[in-house]
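Colleague: This is entry-v1.cif, which holds mmCIF, C-alpha atoms:
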data_entry
loop_
_atom_site.label_atom_id
_atom_site.label_comp_id
_atom_site.auth_asym_id
_atom_site.auth_seq_id
_atom_site.Cartn_x
_atom_site.Cartn_y
_atom_site.Cartn_z
CA MET A 1 -4.31 50.02 11.64
CA SER A 2 -6.77 47.14 12.08
CA ASP A 3 -6.13 43.55 13.09
CA THR A 4 -7.60 42.08 9.89
CA THR A 5 -4.19 40.76 8.84
CA GLN A 6 -4.33 38.13 11.59
CA ASN A 7 -7.36 36.50 9.94
CA GLU A 8 -6.01 36.61 6.40
CA PRO A 9 -4.19 33.52 5.10
CA SER A 10 -0.46 33.83 4.54
CA ALA A 11 1.03 33.65 1.06
CA PHE A 12 2.16 30.11 1.84
CA ASP A 13 -1.32 29.06 2.98
CA THR A 14 -2.74 30.43 -0.28
CA ILE A 15 -0.18 28.51 -2.37
CA LYS A 16 -0.82 25.36 -0.33
CA SER A 17 -4.58 25.61 -0.79
CA GLU A 18 -4.21 26.08 -4.56
CA SER A 19 -1.66 23.31 -5.21
CA THR A 20 -2.31 19.66 -4.46
CA ALA A 21 1.40 18.91 -4.94
CA VAL A 22 2.43 21.46 -2.31
CA GLN A 23 -0.32 20.22 0.03
CA ALA A 24 0.83 16.61 -0.44
CA ARG A 25 4.49 17.48 0.26
CA PHE A 26 3.43 19.55 3.27
CA ASP A 27 1.37 16.65 4.67
CA ALA A 28 4.17 14.13 4.03
CA GLY A 29 6.72 16.45 5.62
CA THR A 30 4.48 16.97 8.63
CA GLN A 31 4.19 13.22 9.11
CA THR A 32 7.97 12.87 8.78
CA ILE A 33 8.51 15.46 11.52
CA LEU A 34 5.91 13.86 13.79
CA ALA A 35 7.55 10.45 13.28
CA HIS A 36 10.98 11.93 14.00
CA ALA A 37 9.66 13.47 17.21
CA ALA A 38 8.02 10.16 18.15
CA SER A 39 11.33 8.38 17.65
CA MET A 40 12.77 10.80 20.23
CA GLY A 41 9.94 9.96 22.64
CA VAL A 42 7.97 13.18 22.08
CA GLU A 43 4.41 13.34 20.81
CA LEU A 44 3.73 16.49 18.80
CA SER A 45 0.64 17.67 16.97
CA GLU A 46 0.44 19.04 13.45
CA THR A 47 -0.09 22.53 14.85
CA ASP A 48 3.25 22.25 16.69
CA VAL A 49 5.14 21.99 13.39
CA GLU A 50 2.98 23.71 10.76
CA HIS A 51 4.87 27.02 11.01
CA MET A 52 8.35 25.51 10.63
CA ALA A 53 10.23 27.27 7.82
CA ALA A 54 12.06 24.05 6.90
CA LEU A 55 8.71 22.28 6.38
CA ARG A 56 7.37 25.09 4.21
CA ILE A 57 10.53 25.17 2.07
CA TYR A 58 10.32 21.40 1.67
CA ALA A 59 6.65 21.64 0.66
CA LEU A 60 7.51 24.21 -1.99
CA GLY A 61 10.03 21.84 -3.55
CA GLY A 62 13.05 21.77 -1.26
CA ASP A 63 15.41 18.83 -1.62
CA SER A 64 15.58 17.61 1.94
CA LEU A 65 13.53 18.15 5.03
CA THR A 66 15.45 16.63 7.91
CA ASP A 67 19.02 16.86 6.60
CA ASN A 68 19.69 20.55 7.06
CA ALA A 69 20.74 22.97 9.77
CA MET A 70 17.49 24.96 9.63
CA TYR A 71 15.45 21.85 10.45
CA GLU A 72 17.77 20.87 13.30
CA ARG A 73 17.60 24.37 14.78
CA GLU A 74 13.80 24.50 14.49
CA ILE A 75 13.13 21.00 15.82
CA LEU A 76 15.34 21.67 18.86
CA SER A 77 13.51 24.94 19.52
CA ILE A 78 10.24 23.08 20.13
CA PRO A 79 9.92 23.07 23.95
CA ALA A 80 8.89 19.40 24.27
CA ILE A 81 11.85 18.26 22.14
CA ALA A 82 14.31 20.51 24.01
CA ALA A 83 13.05 19.14 27.33
CA GLN A 84 13.41 15.55 26.09
CA LYS A 85 16.97 16.24 24.88
CA ARG A 86 17.87 17.65 28.32
CA LYS A 87 16.29 14.63 30.00
CA ASP A 88 18.21 12.26 27.69
CA ALA A 89 21.49 14.05 28.43
CA MET A 90 20.81 13.89 32.16
CA ALA A 91 19.97 10.18 31.96
CA GLU A 92 23.16 9.55 29.97
CA GLU A 93 25.25 11.34 32.62
CA ILE A 94 23.60 9.37 35.39
CA LEU A 95 24.01 6.03 33.62
CA ALA A 96 27.64 6.83 32.73
CA GLY A 97 28.36 7.75 36.35
CA ARG A 98 29.71 11.20 35.54
CA GLY A 99 28.63 14.80 35.29
CA ALA A 100 26.67 17.23 37.42
CA ALA A 101 23.44 15.22 37.26
CA HIS A 102 25.21 12.11 38.58
CA ASP A 103 26.94 14.07 41.34
CA GLU A 104 23.62 15.60 42.41
CA LEU A 105 21.99 12.16 42.40
CA MET A 106 24.73 10.70 44.60
CA ARG A 107 24.07 13.35 47.26
CA MET A 108 20.40 12.25 47.52
CA SER A 109 19.01 9.64 49.87
CA PRO A 110 17.66 6.44 48.26
CA ALA A 111 14.07 7.66 48.67
CA GLU A 112 14.95 11.00 47.06
CA ARG A 113 16.62 9.18 44.16
CA MET A 114 13.48 7.14 43.52
CA THR A 115 11.30 10.23 43.68
CA PHE A 116 13.65 12.05 41.32
CA ALA A 117 13.76 9.13 38.86
CA ARG A 118 9.97 8.90 38.84
CA SER A 119 9.56 12.66 38.35
CA GLN A 120 11.99 12.59 35.41
CA ASN A 121 10.43 9.43 33.98
CA LEU A 122 13.79 7.66 34.23
CA MET A 123 12.39 4.44 35.68
CA GLY A 124 12.30 2.65 32.32
CA GLY A 125 9.89 -0.08 31.36
CA GLY A 126 6.96 -0.86 33.54
CA GLY A 127 4.50 0.76 31.17
CA LYS A 128 1.56 -1.25 29.91
CA GLN A 129 1.92 -2.13 26.24
CA GLU A 130 -0.95 -1.13 24.00
CA ARG A 131 -2.72 -4.06 22.44
CA VAL A 132 -2.74 -3.72 18.67
CA THR A 133 -5.74 -5.18 16.89
CA ALA A 134 -5.76 -6.19 13.23
CA ASP A 135 -7.75 -3.06 12.36
CA THR A 136 -5.32 -0.82 14.21
CA ASN A 137 -2.40 -2.58 12.57
CA GLU A 138 -3.87 -2.07 9.09
CA GLU A 139 -4.49 1.62 9.83
CA ARG A 140 -0.91 1.98 10.99
CA LEU A 141 0.41 0.21 7.90
CA ALA A 142 -1.55 2.60 5.69
CA ILE A 143 -0.04 5.55 7.55
CA LEU A 144 3.45 4.07 7.30
CA LEU A 145 3.18 3.51 3.55
CA ALA A 146 2.53 7.24 3.03
CA MET A 147 5.78 8.19 4.82
CA PRO A 148 9.32 8.45 3.49
CA PRO A 149 11.45 5.36 4.28
CA ALA A 150 13.44 6.78 7.22
CA ALA A 151 10.33 8.18 8.88
CA ARG A 152 8.52 4.90 8.20
CA ILE A 153 11.16 2.93 10.11
CA ALA A 154 11.23 5.41 13.00
CA GLN A 155 7.45 5.42 13.37
CA ALA A 156 7.20 1.63 13.09
CA ARG A 157 9.75 1.31 15.88
CA ALA A 158 7.88 3.88 17.98
CA TRP A 159 4.73 1.77 17.57
CA GLY A 160 6.64 -1.40 18.49
CA MET A 161 6.19 -2.97 15.07
CA THR A 162 9.41 -4.98 14.93
CA GLY A 163 8.22 -7.71 12.60
CA GLN A 164 9.11 -10.34 15.21
CA GLU A 165 6.28 -12.05 17.01
#
How does the structure come out when it is put into structure tokens?
Modeller:
Amino acid sequence: MSDTTQNEPSAFDTIKSESTAVQARFDAGTQTILAHAASMGVELSETDVEHMAALRIYALGGDSLTDNAMYEREILSIPAIAAQKRKDAMAEEILAGRGAAHDELMRMSPAERMTFARSQNLMGGGGKQERVTADTNEERLAILLAMPPAARIAQARAWGMTGQE
């Protein structure tokens, strides 16, 4: 048997290339997922999510993308998202003063705590804010207008577009 099947497009890819409606829903769904990931503090690429079954079902006419168990299972299986969720849980334990992560932290010297916090990116703040120019802002607004409302809000927040200046 030859390896020619690896180079052939899948049935979904064929449908997507032949239907502008499916392509548009696929692109919108991809942007929704990327915005959702961004709201969790994770930057993903389109290739990270293009094989998600929930996205493909949505593109073919599914009712909801993010409000189902399949999506939740798939999004949490992406390594960067899983790592961020673990980091968030660890930070919550530490801030709440309970749990194994907090106990481990309390056994460390002050210098070790700082090193640990830096390595886990738990220092908070301190990062330099990106300066948004009018051109960048207009590009971002165009991107936001193409997204569903919930994704639009999440992405605007991720970009720091609060509407208050």
Colleague: Take the PyMOL selection byres ((chain A and resi 101) around 12), run it mentally on this structure, and tell me the resulting residues as a PDB file with C-alpha atoms, in the frame of the given file.
Modeller:
ATOM      1  CA  ARG A  86      17.870  17.650  28.320  1.00  0.00           C
ATOM      2  CA  LYS A  87      16.290  14.630  30.000  1.00  0.00           C
ATOM      3  CA  ASP A  88      18.210  12.260  27.690  1.00  0.00           C
ATOM      4  CA  ALA A  89      21.490  14.050  28.430  1.00  0.00           C
ATOM      5  CA  MET A  90      20.810  13.890  32.160  1.00  0.00           C
ATOM      6  CA  ALA A  91      19.970  10.180  31.960  1.00  0.00           C
ATOM      7  CA  GLU A  92      23.160   9.550  29.970  1.00  0.00           C
ATOM      8  CA  GLU A  93      25.250  11.340  32.620  1.00  0.00           C
ATOM      9  CA  ILE A  94      23.600   9.370  35.390  1.00  0.00           C
ATOM     10  CA  LEU A  95      24.010   6.030  33.620  1.00  0.00           C
ATOM     11  CA  ALA A  96      27.640   6.830  32.730  1.00  0.00           C
ATOM     12  CA  GLY A  97      28.360   7.750  36.350  1.00  0.00           C
ATOM     13  CA  ARG A  98      29.710  11.200  35.540  1.00  0.00           C
ATOM     14  CA  GLY A  99      28.630  14.800  35.290  1.00  0.00           C
ATOM     15  CA  ALA A 100      26.670  17.230  37.420  1.00  0.00           C
ATOM     16  CA  HIS A 102      25.210  12.110  38.580  1.00  0.00           C
ATOM     17  CA  ASP A 103      26.940  14.070  41.340  1.00  0.00           C
ATOM     18  CA  GLU A 104      23.620  15.600  42.410  1.00  0.00           C
ATOM     19  CA  LEU A 105      21.990  12.160  42.400  1.00  0.00           C
ATOM     20  CA  MET A 106      24.730  10.700  44.600  1.00  0.00           C
ATOM     21  CA  ARG A 107      24.070  13.350  47.260  1.00  0.00           C
ATOM     22  CA  MET A 108      20.400  12.250  47.520  1.00  0.00           C
ATOM     23  CA  ARG A 113      16.620   9.180  44.160  1.00  0.00           C
ATOM     24  CA  PHE A 116      13.650  12.050  41.320  1.00  0.00           C
ATOM     25  CA  ALA A 117      13.760   9.130  38.860  1.00  0.00           C
ATOM     26  CA  GLN A 120      11.990  12.590  35.410  1.00  0.00           C
TER      27      GLN A 120
END
Colleague: Which is closer to Leu76 in chain A than all the others in A:Ala154, A:Ser64, A:Ala111, A:Ala37, using only C-alpha atoms?
Modeller: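 Closest candidate: A:Ala37.
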Colleague: Taking the file as I've supplied it (selection: the PyMOL selection byres ((chain A and resi 38) around 10)), which residues are included? Please answer as a list in words.
Modeller: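 Here the PyMOL selection byres ((chain A and resi 38) around 10) matches Thr32, Ile33, Leu34, Ala35, His36, Ala37, Ser39, Met40, Gly41, Val42, Glu43, Leu44, Ile81, Ala151, Ala154, Gln155, Ala156, Arg157, Ala158 and Trp159 of chain A.
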Colleague: When you draw a straight line from CA of Thr66 in chain A to CA of Glu139 in chain A, how long is it in Å?
Modeller: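 Taking CA of Thr66 in chain A as the start and CA of Glu139 in chain A as the end point, the length is 25.0 Å.
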Colleague: Work out how far apart CA of Gln23 in chain A and CA of Tyr58 in chain A are and give it in Å to one decimal.
Modeller: 10.8 Å
